[in-house]
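Quick look at upload.txt (compact mmCIF, C-alpha atoms):
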```txt
# COMPACT_ATOMS: atom_id res chain seq x y z
CA HIS O 864 0.00 0.00 0.00
CA VAL O 865 1.23 3.43 -0.83
CA LEU O 866 0.38 6.79 0.66
CA THR O 867 1.58 9.24 -1.93
CA THR O 868 1.73 12.89 -2.96
CA PRO O 869 0.55 13.95 -6.43
CA SER O 870 3.94 13.17 -7.97
CA GLY O 871 3.46 9.40 -7.37
CA PRO O 872 5.83 6.67 -6.23
CA SER O 873 8.42 4.75 -8.19
CA ARG O 874 9.91 1.31 -7.68
CA VAL O 875 13.67 0.74 -7.83
CA GLY O 876 15.23 -2.73 -7.51
CA GLY O 877 12.25 -4.30 -5.77
CA ASN O 878 12.06 -1.51 -3.20
CA TRP O 879 9.82 1.48 -3.08
CA LYS O 880 11.62 4.78 -3.59
CA VAL O 881 9.98 7.55 -1.59
CA THR O 882 10.01 10.89 -3.38
CA ARG O 883 8.96 14.27 -1.99
CA GLY O 884 6.01 13.66 0.36
CA GLU O 885 5.49 9.92 -0.32
CA VAL O 886 5.33 7.18 2.33
CA ALA O 887 5.34 3.59 0.96
CA VAL O 888 4.27 0.72 3.26
CA SER O 889 2.94 -2.83 2.93
CA SER O 890 -0.17 -4.27 4.57
CA SER O 891 2.04 -6.47 6.72
CA SER O 892 3.93 -3.50 8.05
CA PRO O 893 3.34 -2.66 11.74
CA VAL O 894 2.68 0.92 10.72
CA TYR O 895 0.04 0.12 8.12
CA LEU O 896 -3.02 -0.03 10.40
CA PRO O 897 -2.25 3.23 12.20
CA LEU O 898 -1.73 4.96 8.86
CA ALA O 899 -4.89 3.49 7.35
CA SER O 900 -6.99 4.52 10.32
CA GLY O 901 -5.55 8.03 10.39
CA HIS O 902 -3.60 7.60 13.64
CA PRO O 903 -0.09 9.04 13.97
CA LEU O 904 2.92 6.79 13.77
CA PRO O 905 4.42 5.65 17.08
CA ARG O 906 7.76 7.14 18.00
CA ILE O 907 10.54 4.68 17.18
CA PRO O 908 13.31 4.71 19.79
CA PRO O 909 16.79 5.40 18.48
CA ASN O 910 19.10 2.48 17.79
CA PRO O 911 22.48 3.15 19.47
CA ALA O 912 24.30 0.78 17.18
CA ALA O 913 22.81 2.37 14.08
CA ARG O 914 23.52 5.80 15.46
CA ASP O 915 27.16 4.86 16.06
CA LYS O 916 27.62 3.55 12.53
CA GLU O 917 25.93 5.22 9.58
CA GLU O 918 26.43 4.86 5.89
CA VAL O 919 26.97 8.20 4.17
CA GLY O 920 28.06 8.51 0.57
CA GLY O 921 28.89 4.82 0.26
CA ARG O 922 31.19 4.79 3.30
CA ARG O 923 30.50 3.84 6.92
CA TRP O 924 31.41 6.57 9.40
CA SER O 925 31.60 6.40 13.16
CA SER O 926 29.85 9.07 15.23
CA ARG O 927 33.23 10.63 16.00
CA GLU O 928 34.30 11.04 12.39
CA ARG O 929 30.93 11.48 10.69
CA PRO O 930 30.87 14.50 8.33
CA THR O 931 28.31 17.20 8.88
CA THR O 932 25.43 17.10 6.39
CA PHE O 933 22.52 19.39 5.84
CA SER O 934 19.16 18.67 4.25
CA ALA O 935 16.43 21.07 3.27
CA PRO O 936 12.82 20.35 4.25
CA PRO O 937 10.65 18.79 1.51
CA ILE O 938 8.72 21.24 -0.64
CA SER O 939 5.57 19.73 -2.15
CA THR O 940 3.75 22.72 -3.68
CA PRO O 941 4.54 26.11 -5.23
CA MET O 942 2.83 27.78 -2.26
CA ALA O 943 5.13 25.93 0.15
CA ALA O 944 8.11 27.00 -1.93
CA MET O 945 7.03 30.64 -1.72
CA GLU O 946 6.55 30.37 2.04
CA CYS O 947 10.01 28.83 2.39
CA LEU O 948 11.62 31.61 0.35
CA GLN O 949 9.79 34.26 2.35
CA ALA O 950 10.94 32.69 5.63
CA HIS O 951 14.55 32.65 4.45
CA SER O 952 14.25 36.26 3.21
CA VAL O 953 13.01 37.39 6.62
CA GLN O 954 15.88 35.56 8.30
CA ILE O 955 18.46 37.11 5.96
CA LEU O 956 16.96 40.58 6.42
CA GLY O 957 17.04 40.17 10.20
CA ILE O 958 20.69 39.12 10.10
CA ALA O 959 21.56 42.08 7.83
CA VAL O 960 19.82 44.54 10.15
CA ALA O 961 21.61 43.07 13.16
CA VAL O 962 25.01 43.27 11.43
CA ALA O 963 24.33 46.87 10.37
CA ALA O 964 23.33 47.82 13.91
CA ILE O 965 26.44 46.23 15.36
CA GLY O 966 28.63 48.00 12.79
CA ALA O 967 26.99 51.37 13.44
CA GLY O 968 27.39 50.93 17.18
CA ALA O 969 31.05 50.04 16.83
CA ALA O 970 31.67 53.04 14.57
CA TYR O 971 29.93 55.36 17.02
CA LEU O 972 31.99 54.07 19.93
CA TYR O 973 35.18 54.46 17.91
CA LEU O 974 34.43 58.00 16.74
CA SER O 975 33.05 59.20 20.06
CA LYS O 976 35.99 57.87 22.05
CA LYS O 977 38.01 60.90 23.07
CA PRO O 978 41.77 60.49 22.68
CA LYS O 979 43.79 60.57 25.87
CA GLY O 980 45.67 63.84 26.35
CA SER O 981 49.44 64.13 26.71
CA LEU O 982 49.38 66.42 29.75
CA ASP O 983 49.63 65.62 33.46
CA PRO O 984 48.07 68.17 35.85
CA GLU O 985 50.34 67.11 38.72
CA ASN O 986 53.69 66.31 37.10
CA PHE O 987 55.88 68.00 34.50
CA ARG O 988 56.36 66.17 31.23
CA GLU O 989 59.07 66.75 28.64
CA PHE O 990 58.25 67.76 25.05
CA LYS O 991 60.83 68.05 22.30
CA LEU O 992 61.23 71.26 20.29
CA VAL O 993 61.04 70.27 16.62
CA GLU O 994 60.69 73.67 14.94
CA ARG O 995 61.38 77.29 15.79
CA LYS O 996 60.18 80.12 13.56
CA GLN O 997 61.22 83.73 14.18
CA LEU O 998 58.22 86.01 13.56
CA SER O 999 59.83 89.33 14.50
CA HIS O 1000 62.85 90.66 16.37
CA ASN O 1001 61.41 89.55 19.73
CA VAL O 1002 58.66 87.06 18.84
CA ALA O 1003 59.07 83.41 17.87
CA GLU O 1004 56.78 80.45 17.27
CA PHE O 1005 57.84 77.20 18.94
CA ARG O 1006 56.51 73.81 17.83
CA PHE O 1007 56.80 70.86 20.22
CA ALA O 1008 56.23 67.22 19.30
CA LEU O 1009 53.70 65.08 21.16
CA PRO O 1010 54.42 61.39 21.92
CA THR O 1011 52.95 60.11 18.63
CA PRO O 1012 51.82 61.67 15.32
CA THR O 1013 48.18 61.14 16.35
CA SER O 1014 48.51 62.31 19.97
CA VAL O 1015 46.59 65.34 21.25
CA LEU O 1016 47.72 67.78 23.91
CA GLY O 1017 44.44 67.43 25.81
CA LEU O 1018 43.96 71.10 26.67
CA PRO O 1019 40.34 72.27 27.10
CA ILE O 1020 39.30 75.53 25.45
CA GLY O 1021 40.56 78.57 27.36
CA LYS O 1022 42.95 76.61 29.59
CA HIS O 1023 46.71 77.17 29.76
CA ILE O 1024 49.85 75.20 30.60
CA SER O 1025 52.68 75.84 33.06
CA CYS O 1026 56.15 75.89 31.48
CA ARG O 1027 59.31 75.39 33.53
CA GLY O 1028 62.76 76.69 32.64
CA LYS O 1029 65.83 78.51 33.95
CA ASP O 1030 66.56 82.22 33.97
CA SER O 1031 69.87 83.91 33.15
CA VAL O 1032 71.43 82.97 36.52
CA GLY O 1033 70.24 79.36 36.42
CA ASP O 1034 67.34 79.66 38.82
CA GLU O 1035 64.15 77.73 38.11
CA VAL O 1036 61.21 79.72 36.80
CA ILE O 1037 57.63 78.65 35.99
CA LYS O 1038 55.25 80.73 33.87
CA PRO O 1039 51.82 80.11 32.30
CA TYR O 1040 51.37 80.13 28.51
CA THR O 1041 48.43 79.40 26.22
CA PRO O 1042 49.09 77.30 23.09
CA THR O 1043 47.71 78.67 19.85
CA THR O 1044 46.89 75.15 18.66
CA LEU O 1045 43.83 73.02 19.42
CA ASP O 1046 43.29 69.31 19.93
CA SER O 1047 42.34 69.12 16.26
CA ASP O 1048 46.06 69.69 15.57
CA LEU O 1049 47.44 66.18 15.96
CA GLY O 1050 50.98 65.29 16.97
CA TYR O 1051 52.19 68.71 18.13
CA PHE O 1052 51.40 71.96 19.94
CA GLU O 1053 52.65 75.49 19.36
CA LEU O 1054 53.49 78.47 21.55
CA VAL O 1055 53.92 82.02 20.27
CA ILE O 1056 56.33 83.70 22.69
CA LYS O 1057 57.18 87.37 23.00
CA MET O 1058 60.63 87.54 24.58
CA TYR O 1059 61.20 90.60 26.77
CA PRO O 1060 64.78 91.75 27.52
CA GLN O 1061 64.41 91.29 31.29
CA GLY O 1062 61.94 88.42 31.22
CA ARG O 1063 63.13 85.42 33.23
CA MET O 1064 61.23 82.81 31.20
CA SER O 1065 61.94 84.84 28.06
CA HIS O 1066 65.62 84.00 28.59
CA HIS O 1067 64.84 80.28 28.60
CA PHE O 1068 62.92 80.45 25.31
CA ARG O 1069 65.51 82.72 23.75
CA GLU O 1070 68.17 80.06 24.43
CA MET O 1071 66.09 77.09 23.23
CA ARG O 1072 67.21 75.27 20.08
CA VAL O 1073 65.63 72.50 18.02
CA GLY O 1074 66.14 69.23 19.87
CA ASP O 1075 65.85 70.77 23.34
CA TYR O 1076 63.06 69.76 25.71
CA LEU O 1077 60.48 71.90 27.52
CA SER O 1078 58.95 70.86 30.86
CA VAL O 1079 55.16 71.30 30.77
CA LYS O 1080 52.35 70.66 33.27
CA GLY O 1081 48.60 71.19 32.90
CA PRO O 1082 45.84 71.90 32.15
CA LYS O 1083 45.49 75.00 34.32
CA GLY O 1084 42.98 77.84 34.53
CA ARG O 1085 39.48 78.80 35.67
CA PHE O 1086 37.87 79.45 32.29
CA THR O 1087 35.35 76.90 31.05
CA TYR O 1088 33.41 76.98 27.81
CA LYS O 1089 30.69 74.93 26.19
CA PRO O 1090 29.45 75.65 22.66
CA GLY O 1091 26.51 78.03 22.67
CA GLN O 1092 26.70 79.03 26.33
CA VAL O 1093 26.67 82.72 25.29
CA ARG O 1094 25.36 84.57 22.27
CA ALA O 1095 28.53 86.61 21.80
CA PHE O 1096 31.98 87.24 23.23
CA GLY O 1097 33.71 90.59 23.48
CA MET O 1098 37.50 90.28 23.79
CA LEU O 1099 39.93 92.91 25.07
CA ALA O 1100 43.51 91.80 24.42
CA GLY O 1101 46.88 93.50 24.76
CA GLY O 1102 50.27 92.26 23.56
CA SER O 1103 50.85 88.57 24.21
CA GLY O 1104 47.40 88.43 25.86
CA ILE O 1105 46.09 87.59 22.40
CA THR O 1106 47.00 83.90 22.71
CA PRO O 1107 44.06 82.74 24.88
CA MET O 1108 41.70 84.92 22.83
CA PHE O 1109 42.94 83.38 19.59
CA GLN O 1110 42.56 79.87 21.00
CA VAL O 1111 38.96 80.48 22.14
CA ALA O 1112 37.99 82.30 18.94
CA ARG O 1113 39.41 79.62 16.69
CA ALA O 1114 37.69 76.82 18.64
CA ILE O 1115 34.33 78.60 18.39
CA LEU O 1116 34.59 79.48 14.71
CA GLU O 1117 35.84 76.08 13.56
CA ASN O 1118 32.99 74.29 15.33
CA PRO O 1119 30.08 73.91 12.84
CA ASN O 1120 27.66 73.43 15.74
CA ASP O 1121 28.58 76.71 17.45
CA SER O 1122 26.98 79.97 16.26
CA THR O 1123 28.59 82.22 18.90
CA LYS O 1124 29.87 85.57 17.60
CA VAL O 1125 33.26 87.01 18.57
CA HIS O 1126 34.24 90.71 18.70
CA LEU O 1127 37.96 91.31 19.36
CA ILE O 1128 39.74 94.54 20.28
CA TYR O 1129 43.51 94.04 20.14
CA ALA O 1130 45.87 96.72 21.46
CA ASN O 1131 49.64 97.04 20.87
CA VAL O 1132 52.33 99.72 20.88
CA THR O 1133 53.52 99.39 17.26
CA PHE O 1134 52.38 97.57 14.14
CA GLU O 1135 55.32 95.16 14.47
CA ASP O 1136 54.06 94.15 17.92
CA ILE O 1137 50.84 92.65 16.58
CA LEU O 1138 50.96 88.90 17.11
CA LEU O 1139 49.11 86.41 14.90
CA LYS O 1140 47.87 89.18 12.61
CA GLU O 1141 47.80 86.96 9.54
CA GLU O 1142 45.83 84.30 11.41
CA LEU O 1143 43.40 86.85 12.88
CA ASP O 1144 42.80 88.45 9.50
CA GLY O 1145 42.22 84.96 8.09
CA LEU O 1146 39.49 84.29 10.67
CA ALA O 1147 37.85 87.64 9.83
CA SER O 1148 37.92 86.76 6.13
CA ASN O 1149 36.67 83.19 6.55
CA TYR O 1150 33.93 84.03 9.09
CA PRO O 1151 32.79 87.58 8.19
CA GLY O 1152 29.44 87.27 9.93
CA ARG O 1153 30.82 85.86 13.17
CA PHE O 1154 34.28 87.34 13.79
CA LYS O 1155 35.33 91.00 13.92
CA VAL O 1156 38.76 92.32 14.89
CA TYR O 1157 39.67 95.94 15.63
CA TYR O 1158 43.34 96.86 16.09
CA VAL O 1159 44.47 99.72 18.32
CA LEU O 1160 48.05 101.07 18.21
CA ASN O 1161 49.74 103.55 20.53
CA GLN O 1162 52.34 104.43 17.89
CA PRO O 1163 50.67 103.76 14.54
CA PRO O 1164 52.29 104.08 11.10
CA GLU O 1165 51.28 106.95 8.83
CA ASP O 1166 48.81 104.96 6.73
CA TRP O 1167 47.07 103.40 9.75
CA ASN O 1168 43.26 103.26 9.62
CA GLY O 1169 42.62 101.48 12.93
CA GLY O 1170 42.35 102.75 16.48
CA VAL O 1171 44.96 105.10 17.92
CA GLY O 1172 46.10 105.49 21.53
CA PHE O 1173 44.59 103.38 24.31
CA VAL O 1174 41.39 101.35 24.36
CA SER O 1175 38.66 103.75 25.52
CA LYS O 1176 35.07 103.33 26.67
CA GLU O 1177 33.93 104.63 23.30
CA ILE O 1178 35.92 101.95 21.47
CA ILE O 1179 34.41 99.25 23.70
CA GLN O 1180 30.88 100.57 23.09
CA THR O 1181 31.46 100.58 19.33
CA HIS O 1182 33.17 97.23 18.87
CA CYS O 1183 31.89 94.98 21.69
CA PRO O 1184 28.41 93.54 22.30
CA ALA O 1185 26.24 95.64 24.62
CA PRO O 1186 25.65 94.46 28.21
CA ALA O 1187 23.24 91.49 28.33
CA ASP O 1188 22.78 88.25 30.22
CA ASP O 1189 23.85 86.16 27.21
CA ILE O 1190 27.20 87.86 26.48
CA LYS O 1191 30.61 87.82 28.15
CA ILE O 1192 33.63 90.13 27.94
CA LEU O 1193 37.08 88.50 28.21
CA ARG O 1194 40.20 90.43 29.26
CA CYS O 1195 43.87 89.52 28.90
CA GLY O 1196 46.78 91.94 28.76
CA PRO O 1197 49.41 93.69 30.86
CA PRO O 1198 48.26 94.45 34.45
CA PRO O 1199 47.77 98.22 33.83
CA MET O 1200 45.57 97.48 30.81
CA ASN O 1201 43.52 94.86 32.68
CA LYS O 1202 42.87 97.33 35.49
CA ALA O 1203 41.83 100.09 33.08
CA MET O 1204 39.55 97.75 31.10
CA ALA O 1205 37.81 96.54 34.28
CA ALA O 1206 37.04 100.15 35.22
CA HIS O 1207 35.69 100.91 31.72
CA LEU O 1208 33.44 97.85 31.77
CA ASP O 1209 32.05 98.73 35.20
CA ASP O 1210 31.25 102.24 33.98
CA LEU O 1211 29.48 100.79 30.94
CA SER O 1212 27.20 98.64 33.18
CA TYR O 1213 28.81 95.28 32.46
CA THR O 1214 28.20 93.21 35.59
CA LYS O 1215 30.84 90.97 37.19
CA GLU O 1216 29.04 87.94 35.75
CA MET O 1217 29.54 89.37 32.26
CA GLN O 1218 33.32 89.67 32.67
CA PHE O 1219 36.22 87.25 32.86
CA GLN O 1220 39.95 87.96 33.15
CA PHE O 1221 42.54 85.38 32.11
```
Structure rendered as structure tokens:
Amino acid sequence: HVLTTPSGPSRVGGNWKVTRGEVAVSSSSPVYLPLASGHPLPRIPPNPAARDKEEVGGRRWSSRERPTTFSAPPISTPMAAMECLQAHSVQILGIAVAVAAIGAGAAYLYLSKKPKGSLDPENFREFKLVERKQLSHNVAEFRFALPTPTSVLGLPIGKHISCRGKDSVGDEVIKPYTPTTLDSDLGYFELVIKMYPQGRMSHHFREMRVGDYLSVKGPKGRFTYKPGQVRAFGMLAGGSGITPMFQVARAILENPNDSTKVHLIYANVTFEDILLKEELDGLASNYPGRFKVYYVLNQPPEDWNGGVGFVSKEIIQTHCPAPADDIKILRCGPPPMNKAMAAHLDDLSYTKEMQFQF
């Protein structure tokens, strides 16, 4: 007796060959009556001996050496085939989505992982001078290498570092400086140093040559900044006090997610004393709607069209944002200038919360 699917059975060598959904049995078989009466087949217990020795591909394999084989479930109708394909498609889609999610998560973790800085707030570390560029008779730019080409200094915006050296008589001296580079500058940091004739740390920098090492500790400083915390900054800088202003301004302007505006007043004695003028003019050109710089000279050249003399209340009123809760005025310059600027700002109704001095 044969229970068969529409394709029908076939006989090979005296035995019934079961194809697709067929089941071929004889009336003497112990499974015939259950099948004929519609009852399910009894569960046949496994044969350990048969399980231990199976014939696969014409060869008998033991359970320990048996090759792995796979078989697809029988497909008896076009509808079943479609359902099978759909099931496999769903499985493949699920796997693809899972792989994409894992890849995206790994990429996010990699990109969001902040590199470890090269500074130590408690101990001095040595950094090698790899380039020295003379900008004027008393100003030079010093480039120091970080541990690797992809290392970052790890200096938050507006912070400074402490540099240690020796003065002209060999005594140790420590002075704060603000790098003009950011953590987006990989593998190095730069200091623009104005060397005064009687400056103790100026002597150390004046004597430095490529290959020498500078002892540095940091970060230091009270200033903290988060993108968008104010609508606008006003900056009052004098001489070498431009370095923290330049660092903050550059960080703001180069951040595409920060719309803060920056208004800088920069005072010097002569035109030759202006530090980073090319870089400042570049920021003004690249970000005309967000960065303004106004130069003031005490001894200007004949063709000068900027401010003349000292920074006055009128200059501040004209070139800085008016007093408001969402603005801040930053000051950094020689002590006499800082004192004069604080008095001007008080007279112009800028509260203490609206002011910060580096």
**Report entry** Interatomic distance, CA of Pro984 in chain O to CA of Ile1115 in chain O (Å, one decimal)
**Finding:**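 For CA of Pro984 in chain O relative to CA of Ile1115 in chain O, the distance reads 24.5 Å.
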Query raised in the report: Which residue, O:Phe1052, O:Phe1068, O:Tyr1150, O:Phe1005, has the smallest gap to Leu1018 in chain O when you use all atoms listed in the file?
Result: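 Distance minimum relative to Leu1018 in chain O lands on O:Phe1052.
Between Met1217 in chain O and the candidates O:Asp1189, O:Glu1070, O:Glu1053, O:Asp1144, the tightest atom-to-atom separation, counting all atoms listed in the file, involves O:Asp1189.
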Report task. Enumerate, as a list in words, the protein, DNA and RNA residues whose atoms approach (59.5, 67.5, 31.0) to within 7 Å, taking into account only C-alpha atoms and the coordinate frame of the file. Result ->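 Those residues, ordered by chain and then number, are Phe987, Arg988, Glu989, Phe990, Tyr1076, Leu1077, Ser1078 and Val1079 of chain O.
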Query - Among listed residues O:Leu1127, O:Ser1122, O:Leu1139, O:Thr1041, nearest Ile1178 in chain O (using only C-alpha atoms) - result: O:Leu1127
Query raised in the report: What is the distance between CA of Ile1037 in chain O and CA of Pro1082 in chain O, in Å to one decimal?
Result: 14.1 Å
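Note that CA of Pro1151 in chain O and CA of Glu1165 in chain O are 26.8 Å apart.
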Query raised in the report: So which one's closest to Cys1026 in chain O, O:Gly1050, O:Pro1060, O:Gly1081, O:Pro1198? Using all atoms listed in the file, please.
Result: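 Of O:Gly1050, O:Pro1060, O:Gly1081, O:Pro1198, the one nearest Cys1026 in chain O, counting all atoms listed in the file, is O:Gly1081.
Compared by their closest atoms to Glu1135 in chain O, and using all atoms listed in the file, the residues O:Leu1211, O:Ile1105, O:Leu1045, O:Leu1160 rank with O:Leu1160 nearest.
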Query - Residues near range 1179-1183 of chain O, cut-off 10 Å, only C-alpha atoms, skip fewer than 6 positions along chain, as an MDAnalysis selection string - result: chainID O and resid 1095:1099 1125:1128 1155:1157 1190:1192 1204 1207:1208 1211
Requested in this report: Find the spatial neighbours of Phe1134 in chain O, counting only C-alpha atoms, within a cut-off of 12 Å - ignore same-chain residues fewer than 4 positions away - and output them as JSON, numbers by chain.
Outcome: {"O": [999, 1102, 1129, 1130, 1138, 1139, 1140, 1158, 1159, 1160, 1161, 1162, 1163, 1164, 1165, 1166, 1167, 1168, 1169, 1170, 1171]}
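Shortest atom-to-atom contact with Ala1100 in chain O among O:Asn1201, O:Thr1087, O:Thr1123, O:Gln997: O:Asn1201, counting all atoms listed in the file.
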